[in-house]
Each structure stands twice: as C-alpha cells, then as structure tokens.
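Student: To start, I am sharing the structure in question, which I have written as structure tokens.
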Amino acid sequence: MAILFKPTRQLESNIEEFLNSVSEGAIVFEQGVKCYVDNDMENFTAHIQKIDELENKADELRRQIESMLYTHTLIPEHRGDVLGLLENTDDVIDTMKETLNQFDIETPDIPHTLNKDFLDLTTVSVKSADTLVNAIRAFFVEARAVKDHLHKVYYYEKEADRIGNHLKRKVFQMNLDLCKKFHLRYFALHIQNVSDRAEGVADRLAIYTIKRTI
Amino acid sequence: MLLIFLSSGLFLGWSLGANDAANIFGTAVGTKMIRFKTAAIICGIFVIIGAVIGGSGTTHTRGKLGAVNAIAGAFMVATAAGFTVFWMTKIKMPVSTSQAIVGAIVGWNFFTGSPTDYDSLSKIVSTWIFCPILAAIFSILLFMIVRLIINRCRIHLLTFDKYTRIGLIIVGAFGAYSLGANNIANVMGVFVPVAPFDDLNVGGLFIVSGTQQLFFLGGLAIAIGAYTYSRRVMETVGGNLLKLSPETALIVVLAQSLVLFVFSSQGLEHLLNSIGLPAFPLVPVSSSQAVVGAVIGIGIIKGIRGIKYHTLGEIAIGWITTPIVACIITYISLFFLQNVFNQQVSL
C-alpha cells in the first residue's frame with residue numbers, strides 16, 4: 001500500500017513546495033522593492049538573487065509535477081485544471097522576478113515623496129499573490145474554503161489599482177521630465193501587474209473549484 | 001454434439017461479458033482511472049468466482065419460469081437471446097441480457113405449449129421496474145454519504161484520487177462478483193436441467209457439482225467476453241447518459257453492485273428472514289438497468305440538468321423491445337429447428 005501511495009505523496013509534497021516558493025517569492029519581492037526604495041543596494045542585490053533561485057525552483061517543481069501527473073495518470077479529471085493553475089501561478093512569481101530585475105537594470109529614480117506610495121502598492125500586490133497561494137492550497141484540500149480566500153484576492157487587486165492610479169496621478173502632477181514620469185508610471189504598472197496576474201489565476205481557480213466540488 | 005449445443009450458452013456469456021463488463025468498469029476505464037487490462041482481468045476473475053460460488057440462488061427462480069428440458073431447445077433459447085443482445089448492440093440500442101433470456105424462455109414456453117409460471121414471470125418483470133428504482137435510491141444515498149465525507153474530511157485532491165482508484169477496483173471486483181452470481185442464471189440457467197456433468201471431487205478437498213462446472217464455463221465465457229470485446233464499449237460508456245466524474249462513477253458502480261448483490265445473495269435472504277424482514281427475491285436482474293437507474297439517481301441529486309432525455313428514451317424503448325424481440329426470434333427459430341432440422345426442442 002505504501003508503494004501505491006508513494007507517487008501521490010511525492011506529488012503532494014512537490015505541490016506544497018511549489019506553493020511555498022511562490023509565497024516566499026512574494027515576501028522576497030516586497031523586501032526587494034523596500035531595499036531599492038531605501039537605497040539599500042547590497043540587500044537589494046541579495047533579494048534579486050534569492051528571487052531568481054525561488055523562481056528557478058518553482059519552474060523545476062512545476063515541470064516535475066507535470067511529468068508525474070502524466071506518467072502516473074493521476075487525477076485524470078482535474079489534471080488539465082491543475083496544470084493550468086500551476087502554470088499561471090508560475091507566471092505570478094515570474095512577474096515579480098522580472099519586476100525586481102527591471103529595477104536593477106533601469107534603476108528608476110524614485111523621488112522620496114513617492115516612497116510610501118510605491119511601498120503601499122507593493123504591499124497590496126504582494127498580499128493578493130499571497131492570498132492566492134492560500135486559495136490554491138485550499139483548492140487541494142478543502143475546496144469549499146477557496147471562496148473565502150478568493151474574495152480577498154479580488155479586494156487586494158482592486159486596492160492595488162486604486163493605489164496605482166493615485167500614484168500615477170501624483171507622478172504626472174509632479175514637476176519632473178516627461179520621460180521620468182513615464183519611467184515611474186511604467187514601474188507602478190509593473191508592480192500592479194503582480195496583482196493583475198493573481199486576479200487572472202483567481203478567476204480560473206473559481207471555475208476549477210466548481211468542477212472540483214461533487 | 002453437446003459442446004455445439006453448449007456453445008450457444010457460451011456465446012451468450014461472451015456477449016454478456018462484452019456488454020455488461022462495461023457497466024461495471026466502463027466509467028472507471030472511460031475516465032482513465034483504471035487501465036483496461038487491469039479492469040478486464042479483475043472483472044474476469046471475480047465474475048467466475050461469483051458464478052461458481054453464488055450462482056445457484058437466481059438460477060432457481062429462472063428455472064421455475066420455464067424448465068427448458070431438451071438440450072436442443074436450450075441451445076435455441078440461448079442462441080436467440082445471444083443473437084438479440086448481439087443485434088441490439090450492433091444497432092447501438094441499449095440492451096439487457098436478462099430481458100433477452102426471459103423473452104426467449106417465454107418464447108420457448110409459447111412454442112412448446114409449456115405453461116409459463118406467471119408468479120415467477122411477474123417476479124422477474126417487477127424487478128425490471130424495481131431494480132433501476134432501487135439503484136437510483138442507493139446511488140442517491142451513497143452520493144449524500146460521499147459528499148458528506150468529502151466536505152467533512154480534509155483529504156488532498158491527490159490522496160482522494162488514489163482512494164477513488166482503489167475504491168473503483170474493490171467495488172468493481174464486488175460488482176463483477178455480483179454480476180457473475182446474479183447473471184450466470186441468464187447464461188447457463190437454461191442448461192441446468194440438461195447439464196451432463198458429474199460431480200467432481202477435487203483431491204478429496206471439496207466437491208464441484210455439475211452445475212458449478214457449468215457455471216464455471218459460463219463464467220469463463222463472460223470473462224473472455226469482457227477481455228476481448230468490452231474495450232470499445234468501456235471507453236465510450238462514460239458520458240452516454242450523464243457525464244460522470246470518477247467519484248460519481250464509483251458511486252454508480254457501488255449502487256449497481258449492491259442491487260445485483262441483494263438480488264442474488266442467499267446469505268442476505270437468510271439474514272433478512274431470520275430477523276423477520278421480507279427478503280429480496282433471488283432473481284437475475286439486469287446490470288444495464290441497474291447502472292441506468294444509478295446514473296439517473298446521480299442526475300436527480302445533482303439537479304437533473306445534465307441528463308440526456310433522448311438517450312433515456314432510447315433506453316426505455318430498448319427495455320420494452322428486447323424481451324419481445326427475443327421471444328419472437330426464439331419462437332421462429334424453434335419452428336425451424338423442429339421442422340427443418342428435426343431436432344427435439346422439448347420432452
């Protein structure tokens with residue numbers, strides 16, 4: 001019986017590790033943005049490295065999960081849904097990694113007066129990603145609880161839009177070069193993108209959950 | 001000569017295996033939860049065990065309906081029933097072997113002028129209505145229990161998938177056992193009065209009666225039918241009437257197996273009698289009808305929306321036409337067998 005359950009246990013632990021990587025990635029992303037805004041470049045670089053590792057690990061785990069699901073023909077009814085879910089969740093951590101890398105490459109010059117807005121936007125976007133991870137965990141073990149998390153994802157996404165718009169308005173009212181304004185807006189969009197991705201996955205998850213409940 | 005006559009029963013067994021194995025394992029194979037080979041092997045083994053160990057109860061009722069007392073008559077009854085099943089399957093009409101054989105026996109009774117035991121006939125025909133209703137009730141109750149378990153217990157999707165797989169194998173084996181025990185009377189029942197086998201003493205350990213040897217052969221034919229011809233039926237049966245998930249497939253198979261079991265278990269009959277409750281009649285029922293009843297049960301509790309009424313109508317028509325067609329075919333072919341081939345079709 002133990003042999004029979006081995007691939008299942010392995011897969012459960014891989015999924016758990018994958019979700020941990022995304023969740024940890026969200027924390028690292030938030031801290032990374034904070035380090036950049038605070039001009040703590042040494043720690044910022046460390047966080048870029050860390051999120052690179054986490055993203056690679058998530059990619060590797062996702063591929064393993066995909067291959068195991070097909071090799072052992074597990075969950076035939078939900079296999080497509082689970083794969084779609086993991087691939088789209090992987091996009092969330094990809095977006096966070098890309099954004100930190102853009103900070104590193106383009107080094108946007110953020111005026112001090114906008115520090116708090118950028119940090120607030122990051123916090124809310126990260127919250128949407130983190131809540132999404134909780135919803136996905138619930139999908140695997142307690143489908144009925146998924147909706148308790150999903151509404152929070154939608155709330156944080158809207159909040160991110162609100163803060164993002166406020167930030168962009170502020171940027172364009174400031175006395176800065178137009179190219180600088182565009183640059184800052186671009187970064188606000190990048191950060192907002194994290195919550196948009198999370199919302200996209202949440203939409204899919206809502207459908208998958210209906211299919212999952214018998 | 002004997003083998004030629006018996007071959008008709010084996011043909012009927014083969015077609016029953018090809019058709020009814022899909023009722024048990026169809027949804028499991030169709031939803032890719034179990035490989036076809038695994039399903040066919042489990043099905044074959046347990047059908048034979050069921051036929052040999054538990055087949056006598058229903059055969060008794062079937063025997064009372066009309067004792068086909070000449071082997072040529074038995075041959076034609078089984079052939080006509082087998083042909084009806086084969087032909088109905090060919091034109092894609094849902095078919096029940098139980099109904100085909102009952103129609104064929106009644107056809108033999110008409111032709112030979114033998115009296116039909118209307119008590120047994122009404123008992124059997126009433127199960128054609130009662131069996132799908134009981135299967136629907138079982139599946140509704142089981143669905144509620146499974147839903148409660150899923151909602152109460154925090155089981156990981158993958159672990160649940162594993163449990164469902166194991167459940168489908170165990171319940172499938174139980175279903176195959178019940179199919180063998182209940183439906184062997186359809187396949188070999190008509191040959192029991194004319195069975196030529198002597199009791200066989202196996203190394204002084206136990207005695208295999210002539211009837212059990214006959215049932216073993218019938219069980220083997222069902223098993224071969226399941227292994228050789230049920231693949232296509234299994235792979236397409238899944239979404240015919242209502243699209244089933246692996247969990248609901250498990251419920252359907254369990255409900256159907258329970259129905260077959262309650263109509264064939266002598267042990268259950270004794271138990272119910274001993275505590276003063278009315279027992280289920282030991283009658284060969286149709287696994288096709290049971291599975292349709294169970295699927296409708298799921299449809300009812302899930303809100304009926306998904307049921308394909310057109311398919312349901314076709315099934316209902318099949319339930320009426322099968323015994324009539326088998327009866328007519330038997331009557332006509334007995335006429336030819338007696339008058340053209342000069343065979344004695346009754347004593």
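Just remember, in the structure tokens the first chain shown is A, the second B, etc., residues are 1-based per chain, and ligands are 1-based in the order shown.
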Would you mind listing what lies within 9 Å of B:Ala28 as number ranges by chain, with only C-alpha atoms counted and same-chain residues fewer than 4 positions away left out?
Tutor: B: 24, 32-36, 39, 165, 168-169, 172, 234-235, 238, 246, 249-250
Student: Pick out the residues sitting within 7 Å of stretch 91-106 of chain A, and hand them over as a list in words; count only C-alpha atoms, and ignore anything fewer than 3 positions along from it in its own chain.
Tutor: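 Here the qualifying residues turn out to be Val22, Gly25, Phe29, Ile48, Ile51, Asp52, Glu55, Glu87, Asn88, His190, Ile191, Val194, Arg197 and Ala198 of chain A.
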Student: In Å to one decimal, how far is atom CA of A:Lys180 from atom CA of A:Asp120?
Tutor: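 Rounded to one decimal, the two atoms are 20.5 Å apart.
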Student: Enumerate as an MDAnalysis selection string the residues belonging to chain B that approach chain A to within 8 Å, with only C-alpha atoms taken into account.
Tutor: chainID B and resid 31:33 147 151 154:159 161:162 245:248
Student: Output the selection as a tab-separated table (two decimals), in the first residue's frame - all heavy atoms for each residue.
Tutor:
chain	number	residue	atom	x	y	z
B	31	THR	N	-12.98	7.09	-17.75
B	31	THR	CA	-12.40	8.29	-17.13
B	31	THR	C	-10.90	8.12	-16.89
B	31	THR	O	-10.28	8.93	-16.21
B	31	THR	CB	-13.09	8.63	-15.79
B	31	THR	OG1	-13.10	7.44	-14.97
B	31	THR	CG2	-14.51	9.12	-15.97
B	32	LYS	N	-10.33	7.06	-17.43
B	32	LYS	CA	-8.88	6.77	-17.36
B	32	LYS	C	-8.37	6.56	-15.94
B	32	LYS	O	-7.20	6.77	-15.63
B	32	LYS	CB	-8.08	7.89	-18.05
B	32	LYS	CG	-8.36	7.97	-19.53
B	32	LYS	CD	-7.42	8.95	-20.21
B	32	LYS	CE	-7.50	8.86	-21.70
B	32	LYS	NZ	-8.84	9.08	-22.27
B	33	MET	N	-9.27	6.14	-15.04
B	33	MET	CA	-8.83	5.89	-13.66
B	33	MET	C	-8.19	4.51	-13.56
B	33	MET	O	-7.36	4.26	-12.71
B	33	MET	CB	-10.02	5.99	-12.70
B	33	MET	CG	-10.57	7.38	-12.55
B	33	MET	SD	-9.42	8.49	-11.75
B	33	MET	CE	-9.73	8.14	-10.03
B	147	ARG	N	-20.52	12.82	-0.37
B	147	ARG	CA	-20.41	14.29	-0.32
B	147	ARG	C	-20.13	14.76	1.11
B	147	ARG	O	-19.32	15.65	1.34
B	147	ARG	CB	-21.69	14.93	-0.86
B	147	ARG	CG	-21.54	16.43	-1.03
B	147	ARG	CD	-22.56	17.01	-1.96
B	147	ARG	NE	-23.92	16.76	-1.50
B	147	ARG	CZ	-25.00	17.16	-2.17
B	147	ARG	NH1	-24.87	17.78	-3.31
B	147	ARG	NH2	-26.20	16.91	-1.72
B	151	ASN	N	-16.86	16.77	2.28
B	151	ASN	CA	-16.98	18.09	2.91
B	151	ASN	C	-16.42	18.13	4.32
B	151	ASN	O	-15.91	19.15	4.76
B	151	ASN	CB	-18.44	18.53	2.91
B	151	ASN	CG	-18.91	18.91	1.52
B	151	ASN	OD1	-18.09	19.13	0.63
B	151	ASN	ND2	-20.21	18.96	1.31
B	154	ARG	N	-10.67	16.75	5.42
B	154	ARG	CA	-9.76	17.50	4.56
B	154	ARG	C	-8.83	16.51	3.87
B	154	ARG	O	-7.75	16.21	4.37
B	154	ARG	CB	-8.98	18.51	5.39
B	154	ARG	CG	-9.82	19.68	5.88
B	154	ARG	CD	-9.11	20.44	6.98
B	154	ARG	NE	-7.78	20.83	6.56
B	154	ARG	CZ	-7.47	22.03	6.09
B	154	ARG	NH1	-8.39	22.94	5.95
B	154	ARG	NH2	-6.23	22.32	5.76
B	155	ILE	N	-9.29	15.96	2.74
B	155	ILE	CA	-8.47	14.99	2.02
B	155	ILE	C	-7.87	15.69	0.81
B	155	ILE	O	-8.59	16.37	0.06
B	155	ILE	CB	-9.32	13.78	1.54
B	155	ILE	CG1	-10.08	13.18	2.72
B	155	ILE	CG2	-8.45	12.73	0.89
B	155	ILE	CD1	-11.10	12.13	2.32
B	156	HIS	N	-6.57	15.54	0.63
B	156	HIS	CA	-5.90	16.16	-0.51
B	156	HIS	C	-6.45	15.58	-1.81
B	156	HIS	O	-6.77	14.39	-1.88
B	156	HIS	CB	-4.39	15.91	-0.42
B	156	HIS	CG	-3.59	16.82	-1.30
B	156	HIS	ND1	-3.47	16.61	-2.65
B	156	HIS	CD2	-2.87	17.94	-1.03
B	156	HIS	CE1	-2.71	17.57	-3.17
B	156	HIS	NE2	-2.33	18.38	-2.20
B	157	LEU	N	-6.55	16.45	-2.81
B	157	LEU	CA	-7.10	16.03	-4.11
B	157	LEU	C	-6.43	14.75	-4.62
B	157	LEU	O	-7.09	13.84	-5.13
B	157	LEU	CB	-6.91	17.17	-5.11
B	157	LEU	CG	-7.35	16.93	-6.55
B	157	LEU	CD1	-8.84	16.76	-6.66
B	157	LEU	CD2	-6.91	18.09	-7.45
B	158	LEU	N	-5.11	14.70	-4.47
B	158	LEU	CA	-4.37	13.53	-5.00
B	158	LEU	C	-4.62	12.28	-4.17
B	158	LEU	O	-4.74	11.18	-4.71
B	158	LEU	CB	-2.88	13.85	-5.03
B	158	LEU	CG	-2.53	14.80	-6.17
B	158	LEU	CD1	-1.35	15.67	-5.81
B	158	LEU	CD2	-2.25	14.03	-7.44
B	159	THR	N	-4.71	12.44	-2.85
B	159	THR	CA	-5.00	11.29	-1.98
B	159	THR	C	-6.40	10.78	-2.29
B	159	THR	O	-6.63	9.57	-2.37
B	159	THR	CB	-4.90	11.69	-0.50
B	159	THR	OG1	-3.66	12.35	-0.30
B	159	THR	CG2	-5.00	10.50	0.43
B	161	ASP	N	-7.93	11.05	-5.06
B	161	ASP	CA	-7.85	10.36	-6.35
B	161	ASP	C	-7.40	8.91	-6.16
B	161	ASP	O	-7.95	7.99	-6.76
B	161	ASP	CB	-6.85	11.12	-7.23
B	161	ASP	CG	-6.54	10.42	-8.54
B	161	ASP	OD1	-7.39	10.50	-9.44
B	161	ASP	OD2	-5.48	9.80	-8.66
B	162	LYS	N	-6.42	8.75	-5.27
B	162	LYS	CA	-5.91	7.39	-5.00
B	162	LYS	C	-7.00	6.54	-4.35
B	162	LYS	O	-7.21	5.38	-4.74
B	162	LYS	CB	-4.68	7.52	-4.09
B	162	LYS	CG	-3.76	6.35	-4.11
B	162	LYS	CD	-3.42	5.96	-5.49
B	162	LYS	CE	-1.99	5.75	-5.79
B	162	LYS	NZ	-1.76	5.45	-7.19
B	245	SER	N	-18.05	12.00	-13.11
B	245	SER	CA	-16.68	12.18	-12.64
B	245	SER	C	-16.25	10.85	-12.03
B	245	SER	O	-17.10	9.99	-11.76
B	245	SER	CB	-16.66	13.29	-11.58
B	245	SER	OG	-17.40	12.87	-10.47
B	246	PRO	N	-14.94	10.64	-11.77
B	246	PRO	CA	-14.52	9.37	-11.17
B	246	PRO	C	-15.25	9.07	-9.85
B	246	PRO	O	-15.59	7.92	-9.57
B	246	PRO	CB	-13.03	9.57	-10.94
B	246	PRO	CG	-12.62	10.55	-11.96
B	246	PRO	CD	-13.79	11.47	-12.13
B	247	GLU	N	-15.51	10.12	-9.04
B	247	GLU	CA	-16.18	9.89	-7.75
B	247	GLU	C	-17.60	9.40	-7.98
B	247	GLU	O	-18.04	8.44	-7.33
B	247	GLU	CB	-16.25	11.18	-6.91
B	247	GLU	CG	-14.94	11.84	-6.59
B	247	GLU	CD	-14.47	12.78	-7.67
B	247	GLU	OE1	-15.09	13.82	-7.91
B	247	GLU	OE2	-13.45	12.43	-8.31
B	248	THR	N	-18.31	10.05	-8.90
B	248	THR	CA	-19.69	9.62	-9.14
B	248	THR	C	-19.70	8.26	-9.84
B	248	THR	O	-20.62	7.47	-9.64
B	248	THR	CB	-20.48	10.67	-9.96
B	248	THR	OG1	-19.66	11.12	-11.02
B	248	THR	CG2	-20.91	11.83	-9.13
Student: Based on the backbone DSSP call, show me all residues of stretch 48-109 of chain A assigned helix (DSSP H, G or I), as number ranges by chain.
Tutor: A: 48-71, 79-106
Student: May I have the selected residues written with C-alpha atoms, as a PDB file, in the first residue's frame?
Tutor:
ATOM      1  CA  ILE A  48      17.299  39.573  -6.643  1.00  0.00           C
ATOM      2  CA  GLN A  49      19.488  36.527  -6.288  1.00  0.00           C
ATOM      3  CA  LYS A  50      17.048  34.943  -3.876  1.00  0.00           C
ATOM      4  CA  ILE A  51      14.002  35.502  -6.106  1.00  0.00           C
ATOM      5  CA  ASP A  52      15.956  34.096  -9.086  1.00  0.00           C
ATOM      6  CA  GLU A  53      16.602  30.913  -7.104  1.00  0.00           C
ATOM      7  CA  LEU A  54      12.976  30.660  -5.982  1.00  0.00           C
ATOM      8  CA  GLU A  55      11.683  31.189  -9.499  1.00  0.00           C
ATOM      9  CA  ASN A  56      14.026  28.516 -10.875  1.00  0.00           C
ATOM     10  CA  LYS A  57      12.962  26.139  -8.126  1.00  0.00           C
ATOM     11  CA  ALA A  58       9.276  26.805  -8.874  1.00  0.00           C
ATOM     12  CA  ASP A  59       9.892  26.152 -12.598  1.00  0.00           C
ATOM     13  CA  GLU A  60      11.691  22.903 -11.844  1.00  0.00           C
ATOM     14  CA  LEU A  61       8.967  21.734  -9.450  1.00  0.00           C
ATOM     15  CA  ARG A  62       6.228  22.609 -11.904  1.00  0.00           C
ATOM     16  CA  ARG A  63       7.896  20.527 -14.617  1.00  0.00           C
ATOM     17  CA  GLN A  64       8.301  17.610 -12.214  1.00  0.00           C
ATOM     18  CA  ILE A  65       4.648  17.850 -11.193  1.00  0.00           C
ATOM     19  CA  GLU A  66       3.509  17.941 -14.830  1.00  0.00           C
ATOM     20  CA  SER A  67       5.593  14.953 -15.758  1.00  0.00           C
ATOM     21  CA  MET A  68       4.475  12.930 -12.705  1.00  0.00           C
ATOM     22  CA  LEU A  69       0.811  13.719 -13.269  1.00  0.00           C
ATOM     23  CA  TYR A  70       1.041  12.344 -16.798  1.00  0.00           C
ATOM     24  CA  THR A  71       3.398   9.413 -16.080  1.00  0.00           C
ATOM     25  CA  ARG A  79      -5.164  17.176 -14.488  1.00  0.00           C
ATOM     26  CA  GLY A  80      -5.646  19.907 -17.084  1.00  0.00           C
ATOM     27  CA  ASP A  81      -7.010  22.289 -14.464  1.00  0.00           C
ATOM     28  CA  VAL A  82      -4.148  21.667 -12.049  1.00  0.00           C
ATOM     29  CA  LEU A  83      -1.535  22.105 -14.755  1.00  0.00           C
ATOM     30  CA  GLY A  84      -3.177  25.326 -15.948  1.00  0.00           C
ATOM     31  CA  LEU A  85      -3.347  26.532 -12.368  1.00  0.00           C
ATOM     32  CA  LEU A  86       0.329  25.845 -11.664  1.00  0.00           C
ATOM     33  CA  GLU A  87       1.499  27.351 -14.964  1.00  0.00           C
ATOM     34  CA  ASN A  88      -0.437  30.550 -14.355  1.00  0.00           C
ATOM     35  CA  THR A  89       0.711  30.725 -10.744  1.00  0.00           C
ATOM     36  CA  ASP A  90       4.260  30.352 -12.022  1.00  0.00           C
ATOM     37  CA  ASP A  91       3.623  33.497 -14.098  1.00  0.00           C
ATOM     38  CA  VAL A  92       2.972  35.416 -10.866  1.00  0.00           C
ATOM     39  CA  ILE A  93       6.434  34.676  -9.449  1.00  0.00           C
ATOM     40  CA  ASP A  94       7.909  35.278 -12.937  1.00  0.00           C
ATOM     41  CA  THR A  95       6.345  38.733 -12.960  1.00  0.00           C
ATOM     42  CA  MET A  96       7.776  39.503  -9.514  1.00  0.00           C
ATOM     43  CA  LYS A  97      11.239  38.368 -10.577  1.00  0.00           C
ATOM     44  CA  GLU A  98      11.063  40.358 -13.807  1.00  0.00           C
ATOM     45  CA  THR A  99       9.982  43.483 -11.945  1.00  0.00           C
ATOM     46  CA  LEU A 100      12.883  43.278  -9.490  1.00  0.00           C
ATOM     47  CA  ASN A 101      15.232  42.751 -12.428  1.00  0.00           C
ATOM     48  CA  GLN A 102      13.804  45.843 -14.170  1.00  0.00           C
ATOM     49  CA  PHE A 103      14.547  47.832 -11.025  1.00  0.00           C
ATOM     50  CA  ASP A 104      18.107  46.533 -11.175  1.00  0.00           C
ATOM     51  CA  ILE A 105      18.589  47.237 -14.900  1.00  0.00           C
ATOM     52  CA  GLU A 106      16.747  50.539 -15.298  1.00  0.00           C
TER      53      GLU A 106
END
Student: When distances are computed from only C-alpha atoms, which of A:Leu184, A:Ile27, A:Met174, A:Ala135 shows the smallest separation from A:Tyr208?
Tutor: A:Ala135
Student: Might you pull out every residue within 9 Å of B:Tyr227, with only C-alpha atoms counted and same-chain residues fewer than 2 positions away left off, and present them as a PyMOL selection string?
Tutor: chain B and resi 17-18+21+36-37+39-41+43-44+222-225+229-231
Student: Could you write those residues out with N, CA and C atoms, as a compact mmCIF listing (two decimals), in the first residue's frame?
Tutor:
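For reference, again_13.txt as written:
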# COMPACT_ATOMS: atom_id res chain seq x y z
N GLY B 17 -20.54 -10.72 -21.29
CA GLY B 17 -19.25 -10.18 -20.79
C GLY B 17 -18.88 -8.92 -21.53
N ALA B 18 -19.03 -8.97 -22.87
CA ALA B 18 -18.66 -7.80 -23.70
C ALA B 18 -19.53 -6.59 -23.35
N ALA B 21 -19.69 -6.06 -18.72
CA ALA B 21 -18.45 -5.67 -18.04
C ALA B 21 -18.29 -4.16 -18.13
N PHE B 36 -7.53 -0.56 -19.01
CA PHE B 36 -8.49 -1.56 -19.49
C PHE B 36 -8.07 -2.97 -19.08
N LYS B 37 -6.78 -3.30 -19.26
CA LYS B 37 -6.33 -4.67 -18.97
C LYS B 37 -6.58 -5.02 -17.50
N ALA B 39 -8.78 -3.75 -15.51
CA ALA B 39 -10.24 -3.89 -15.33
C ALA B 39 -10.71 -5.24 -15.85
N ALA B 40 -10.26 -5.62 -17.05
CA ALA B 40 -10.74 -6.86 -17.66
C ALA B 40 -10.31 -8.08 -16.84
N ILE B 41 -9.07 -8.04 -16.33
CA ILE B 41 -8.58 -9.20 -15.56
C ILE B 41 -9.35 -9.32 -14.24
N CYS B 43 -12.26 -8.15 -13.55
CA CYS B 43 -13.63 -8.49 -13.89
C CYS B 43 -13.75 -9.99 -14.16
N GLY B 44 -12.84 -10.52 -14.98
CA GLY B 44 -12.89 -11.94 -15.34
C GLY B 44 -12.80 -12.85 -14.12
N ILE B 222 -18.01 -15.34 -19.94
CA ILE B 222 -18.24 -13.92 -19.61
C ILE B 222 -16.90 -13.19 -19.52
N ALA B 223 -15.95 -13.87 -18.80
CA ALA B 223 -14.63 -13.26 -18.61
C ALA B 223 -13.95 -13.02 -19.96
N ILE B 224 -14.05 -14.00 -20.87
CA ILE B 224 -13.43 -13.84 -22.19
C ILE B 224 -14.12 -12.71 -22.96
N GLY B 225 -15.43 -12.66 -22.83
CA GLY B 225 -16.19 -11.57 -23.48
C GLY B 225 -15.71 -10.21 -22.99
N TYR B 229 -13.84 -8.08 -25.94
CA TYR B 229 -14.74 -7.24 -26.74
C TYR B 229 -15.30 -6.02 -26.00
N SER B 230 -14.99 -5.88 -24.70
CA SER B 230 -15.66 -4.80 -23.98
C SER B 230 -14.89 -3.48 -24.00
N ARG B 231 -13.67 -3.50 -24.57
CA ARG B 231 -12.83 -2.31 -24.51
C ARG B 231 -13.52 -1.09 -25.09
